[in-house]
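Trainee: Can you keep this structure in mind? I'll have questions shortly.
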Amino acid sequence: KIAITFDDGPTVFTLEDLELLKKHDVKATFFCIGKNIEAHPEILKQIIANGHLVGNHSYTHSKFFDFYNAAKIREEIKKTDLLLEKFTSKKINFFRPPYGVTTPSIKRALEKTGHKVIGWSIRSLDGGTKNKELIFNRIIKRVSPGGIVLLHDTASHSVLVLEQFLQFLQQNNYQVISIEELLNLKAYEN
């Protein structure tokens, strides 16, 4: 059993990922950036309508996020939560920090917001290279039961890797389960 997560959407490529996930009857978790939700609310609506989970991935995903103080981090988290909660009608519990780093300021902010940090164990590096073969081989080399795969729903090469990866999982008897089930945590609260 493993879980699949996507970072940085929603974007137009999210729609292609949603089609593939539907075709393979797989549910994933999408860590969304606030400003991208504002740009593509209809895609966020589609993610939720298709039965996937959503989590908070900050509002701007600024390259300076790790240097923000706790108050500014809380502001980014709150702003994105409000956008997500318009569509979930429930409180968001999952947060993935931009770049996956938790700083003392992020820790202090999360103590106030109550979010659970969701990391990953299998990083595809699809954000750094367009070489589909390299990305795919990197993922399958690291796949093991209980793994959390990090992909991005921001580029066409990632969509092609997802398709190959879903076929690989099927052929190797992996079951894709939700982050909730894998980590025994709730994505939302009423």
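Residues in the structure tokens are numbered from 1 in each chain, the chains being A, B, ... in the order shown, and ligands are numbered from 1 in the order shown.
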Find the residues near Asp153 (chain A): any atom within 6 Å, counting only C-alpha atoms, skip ones fewer than 6 places away on the same chain, and give them as a count of residues only.
Mentor: 4
Trainee: Determine, counting only C-alpha atoms, which protein, DNA and RNA residues have an atom within 7 Å of an atom of His57 (chain A); residues of the same chain fewer than 2 positions away are not included. Present the result as a ChimeraX atom specification.
Mentor: /A:31-33,55,59,95-98
Trainee: If you keep N, CA and C atoms, can you produce a file of those selected residues as a tab-separated table (two decimals), in the first residue's frame?
Mentor:
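The file below, result_10.tsv, is the result:
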chain	number	residue	atom	x	y	z
A	31	PHE	N	-1.88	18.92	-2.61
A	31	PHE	CA	-1.48	20.03	-1.76
A	31	PHE	C	-1.46	21.29	-2.62
A	32	CYS	N	-2.43	22.16	-2.36
A	32	CYS	CA	-2.71	23.29	-3.25
A	32	CYS	C	-2.14	24.60	-2.75
A	33	ILE	N	-1.71	25.41	-3.72
A	33	ILE	CA	-1.21	26.76	-3.45
A	33	ILE	C	-2.40	27.73	-3.59
A	55	GLY	N	-5.02	19.48	0.60
A	55	GLY	CA	-4.29	20.01	1.74
A	55	GLY	C	-3.71	21.36	1.37
A	59	TYR	N	0.10	30.00	0.54
A	59	TYR	CA	-0.62	30.85	-0.41
A	59	TYR	C	0.26	31.21	-1.62
A	95	PHE	N	-1.07	20.14	6.07
A	95	PHE	CA	-0.22	21.19	5.52
A	95	PHE	C	1.10	20.56	5.06
A	96	ARG	N	1.52	20.91	3.87
A	96	ARG	CA	2.85	20.52	3.39
A	96	ARG	C	3.62	21.81	3.15
A	97	PRO	N	4.69	22.03	3.90
A	97	PRO	CA	5.45	23.26	3.71
A	97	PRO	C	6.09	23.32	2.32
A	98	PRO	N	6.14	24.51	1.74
A	98	PRO	CA	6.87	24.65	0.47
A	98	PRO	C	8.28	24.10	0.66
Trainee: Find the residues near Val26 (chain A): any atom within 9 Å, counting only C-alpha atoms, skip ones fewer than 2 places away on the same chain, and give them as a ChimeraX atom specification.
Mentor: /A:4,20-24,28,52,166,175-178
Trainee: Could the residues in this selection be written to a file with N, CA and C atoms, as a compact mmCIF listing (two decimals), in the first residue's frame?
Mentor:
# COMPACT_ATOMS: atom_id res chain seq x y z
N ILE A 4 -0.30 8.53 -3.04
CA ILE A 4 0.22 9.46 -4.06
C ILE A 4 -0.24 10.88 -3.70
N LEU A 20 -6.33 10.44 -15.49
CA LEU A 20 -5.55 9.22 -15.29
C LEU A 20 -5.91 8.54 -13.97
N LEU A 21 -6.07 9.32 -12.93
CA LEU A 21 -6.43 8.75 -11.62
C LEU A 21 -7.79 8.07 -11.70
N LYS A 22 -8.71 8.70 -12.42
CA LYS A 22 -10.05 8.13 -12.60
C LYS A 22 -9.96 6.82 -13.38
N LYS A 23 -9.20 6.82 -14.46
CA LYS A 23 -9.03 5.64 -15.30
C LYS A 23 -8.50 4.45 -14.51
N HIS A 24 -7.60 4.72 -13.56
CA HIS A 24 -6.99 3.66 -12.75
C HIS A 24 -7.69 3.48 -11.40
N ALA A 28 -5.94 10.37 -4.68
CA ALA A 28 -4.69 11.02 -4.29
C ALA A 28 -4.99 12.20 -3.38
N HIS A 52 -10.94 13.14 -4.29
CA HIS A 52 -9.57 13.26 -3.80
C HIS A 52 -9.54 14.18 -2.58
N LEU A 166 1.32 4.53 -12.57
CA LEU A 166 0.08 3.84 -12.20
C LEU A 166 0.05 2.43 -12.80
N GLN A 175 -1.41 -1.31 -3.91
CA GLN A 175 -2.71 -0.68 -3.76
C GLN A 175 -2.47 0.77 -3.34
N VAL A 176 -3.06 1.71 -4.07
CA VAL A 176 -2.92 3.11 -3.70
C VAL A 176 -4.06 3.46 -2.74
N ILE A 177 -3.68 3.91 -1.55
CA ILE A 177 -4.67 4.29 -0.54
C ILE A 177 -4.49 5.77 -0.20
N SER A 178 -5.45 6.31 0.52
CA SER A 178 -5.38 7.75 0.85
C SER A 178 -4.36 7.98 1.97
Trainee: If you count only C-alpha atoms, which residues fall within 10 Å of Lys112 (chain A), apart from same-chain ones fewer than 4 positions away, as a JSON list (two decimals) with N, CA and C atoms, in the first residue's frame?
Mentor:
[["chain", "number", "residue", "atom", "x", "y", "z"],
["A", 70, "ALA", "N", 6.64, 33.49, 12.13],
["A", 70, "ALA", "CA", 5.47, 32.65, 12.39],
["A", 70, "ALA", "C", 4.16, 33.35, 12.02],
["A", 71, "ALA", "N", 4.08, 34.65, 12.27],
["A", 71, "ALA", "CA", 2.84, 35.38, 11.97],
["A", 71, "ALA", "C", 2.57, 35.40, 10.47],
["A", 74, "ARG", "N", 1.49, 31.93, 9.37],
["A", 74, "ARG", "CA", 0.08, 31.69, 9.76],
["A", 74, "ARG", "C", -0.87, 32.39, 8.80],
["A", 107, "LYS", "N", 7.08, 25.68, 12.62],
["A", 107, "LYS", "CA", 6.63, 24.87, 13.77],
["A", 107, "LYS", "C", 5.76, 25.72, 14.71],
["A", 108, "ARG", "N", 6.22, 26.95, 15.01],
["A", 108, "ARG", "CA", 5.44, 27.83, 15.89],
["A", 108, "ARG", "C", 4.09, 28.18, 15.26]]
Trainee: From a DSSP calculation on the backbone, collect every residue of region 8-121 of chain A in strand (DSSP E or B) and output the set as a PyMOL selection string.
Mentor: chain A and resi 29-32+53-56+91-92+94-95+116-117
Trainee: Determine which residues of chain A receive a DSSP assignment of alpha helix (DSSP H), computed from the backbone, and state them as JSON, numbers by chain.
Mentor: {"A": [12, 13, 14, 15, 16, 17, 18, 19, 20, 21, 22, 23, 34, 35, 36, 37, 38, 39, 41, 42, 43, 44, 45, 46, 47, 48, 49, 70, 71, 72, 73, 74, 75, 76, 77, 78, 79, 80, 81, 82, 83, 84, 85, 86, 87, 88, 104, 105, 106, 107, 108, 109, 110, 111, 112, 113, 132, 133, 134, 135, 136, 137, 138, 139, 140, 141, 142, 156, 157, 158, 159, 160, 161, 162, 163, 164, 165, 166, 167, 168, 169, 170, 171, 179, 180, 181, 182, 183]}
Trainee: Deliver the residues from the most recent selection as a file, using C-alpha atoms, as a tab-separated table (two decimals), in the first residue's frame.
Mentor:
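Listed below is the output, selection20.tsv:
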chain	number	residue	atom	x	y	z
A	12	VAL	CA	-4.42	22.90	-16.27
A	13	PHE	CA	-2.25	19.76	-15.92
A	14	THR	CA	-4.25	18.78	-12.83
A	15	LEU	CA	-7.14	17.95	-15.17
A	16	GLU	CA	-4.97	15.42	-17.06
A	17	ASP	CA	-3.86	13.87	-13.77
A	18	LEU	CA	-7.50	13.63	-12.66
A	19	GLU	CA	-8.36	11.73	-15.86
A	20	LEU	CA	-5.55	9.22	-15.29
A	21	LEU	CA	-6.43	8.75	-11.62
A	22	LYS	CA	-10.05	8.13	-12.60
A	23	LYS	CA	-9.03	5.64	-15.30
A	34	GLY	CA	-3.68	29.51	-2.57
A	35	LYS	CA	-2.98	31.78	-5.53
A	36	ASN	CA	-3.45	28.79	-7.89
A	37	ILE	CA	-6.81	28.02	-6.28
A	38	GLU	CA	-7.84	31.61	-7.04
A	39	ALA	CA	-6.70	31.16	-10.65
A	41	PRO	CA	-11.35	27.37	-8.68
A	42	GLU	CA	-13.19	25.08	-11.13
A	43	ILE	CA	-10.24	22.65	-11.13
A	44	LEU	CA	-10.19	22.56	-7.32
A	45	LYS	CA	-13.92	21.83	-7.43
A	46	GLN	CA	-13.19	18.93	-9.82
A	47	ILE	CA	-10.48	17.49	-7.52
A	48	ILE	CA	-12.97	17.33	-4.65
A	49	ALA	CA	-15.87	16.11	-6.84
A	70	ALA	CA	5.47	32.65	12.39
A	71	ALA	CA	2.84	35.38	11.97
A	72	LYS	CA	3.43	35.68	8.21
A	73	ILE	CA	3.38	31.88	7.83
A	74	ARG	CA	0.08	31.69	9.76
A	75	GLU	CA	-1.34	34.39	7.48
A	76	GLU	CA	-0.39	32.35	4.35
A	77	ILE	CA	-1.87	29.17	5.84
A	78	LYS	CA	-5.09	30.93	6.90
A	79	LYS	CA	-5.56	32.57	3.52
A	80	THR	CA	-5.22	29.22	1.72
A	81	ASP	CA	-7.41	27.41	4.27
A	82	LEU	CA	-10.21	29.91	3.61
A	83	LEU	CA	-9.99	29.23	-0.12
A	84	LEU	CA	-9.95	25.44	0.34
A	85	GLU	CA	-12.75	25.48	2.91
A	86	LYS	CA	-15.06	27.20	0.42
A	87	PHE	CA	-14.99	23.89	-1.46
A	88	THR	CA	-14.65	21.33	1.35
A	104	PRO	CA	11.20	26.82	13.94
A	105	SER	CA	8.90	29.59	12.61
A	106	ILE	CA	6.79	27.08	10.66
A	107	LYS	CA	6.63	24.87	13.77
A	108	ARG	CA	5.44	27.83	15.89
A	109	ALA	CA	2.83	28.77	13.26
A	110	LEU	CA	1.52	25.20	13.12
A	111	GLU	CA	1.26	24.99	16.92
A	112	LYS	CA	-1.31	27.80	16.58
A	113	THR	CA	-3.12	26.55	13.44
A	132	LYS	CA	10.58	11.23	-17.93
A	133	GLU	CA	12.74	8.10	-17.83
A	134	LEU	CA	14.92	9.50	-15.07
A	135	ILE	CA	11.90	10.53	-12.99
A	136	PHE	CA	10.10	7.21	-13.48
A	137	ASN	CA	13.19	5.14	-12.63
A	138	ARG	CA	13.87	7.27	-9.58
A	139	ILE	CA	10.36	6.62	-8.26
A	140	ILE	CA	10.19	2.88	-8.92
A	141	LYS	CA	13.64	2.34	-7.36
A	142	ARG	CA	12.31	3.85	-4.14
A	156	SER	CA	3.05	17.59	-19.05
A	157	HIS	CA	6.10	15.39	-18.39
A	158	SER	CA	4.76	14.68	-14.87
A	159	VAL	CA	1.44	13.55	-16.34
A	160	LEU	CA	3.25	11.05	-18.57
A	161	VAL	CA	5.26	9.75	-15.60
A	162	LEU	CA	2.04	9.37	-13.59
A	163	GLU	CA	0.54	7.19	-16.31
A	164	GLN	CA	3.61	4.93	-16.40
A	165	PHE	CA	3.74	4.82	-12.61
A	166	LEU	CA	0.08	3.84	-12.20
A	167	GLN	CA	0.64	0.96	-14.63
A	168	PHE	CA	3.76	-0.10	-12.71
A	169	LEU	CA	1.82	-0.12	-9.41
A	170	GLN	CA	-0.93	-2.24	-10.93
A	171	GLN	CA	1.55	-4.75	-12.39
A	179	ILE	CA	-3.02	9.63	3.13
A	180	GLU	CA	-5.80	9.43	5.74
A	181	GLU	CA	-5.74	5.64	5.64
A	182	LEU	CA	-1.96	5.35	5.36
A	183	LEU	CA	-1.19	7.68	8.29
Trainee: What does the structure give for the distance between CA of Lys116 (chain A) and CA of Ala155 (chain A), in Å to one decimal?
Mentor: 27.2 Å
Trainee: If you measure from CA of Leu53 (chain A) to CA of Ser121 (chain A), what distance in Å do you get, rounded to one decimal?
Mentor: 18.5 Å
Trainee: Out of A:Val149, A:Leu185, A:Thr154, A:Asn131, which residue has the shortest atom-to-atom distance to Pro10 (chain A) when counting only C-alpha atoms?
Mentor: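 Closest to Pro10 (chain A) of all the choices is A:Thr154.
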Trainee: With only C-alpha atoms as the atoms that count, which of A:Thr29, A:Asn69, A:Asn190, A:Thr11 lies nearest to Leu150 (chain A)?
Mentor: A:Thr29
Trainee: Please determine, counting only C-alpha atoms, which residue among A:Phe67, A:Tyr174, A:Asp7, A:Lys1 has the shortest atom-to-atom distance to Gly100 (chain A).
Mentor: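 Result for the nearest residue to Gly100 (chain A): A:Asp7.
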Trainee: Can you tell me how far CA of Asp8 (chain A) sits from CA of Val101 (chain A), in Å to one decimal?
Mentor: 15.0 Å
Trainee: Near Gly147 (chain A), within 7 Å and counting only C-alpha atoms, which residues show up once chain neighbours fewer than 6 positions away are dropped, as an MDAnalysis selection string?
Mentor: chainID A and resid 2:3 121:122
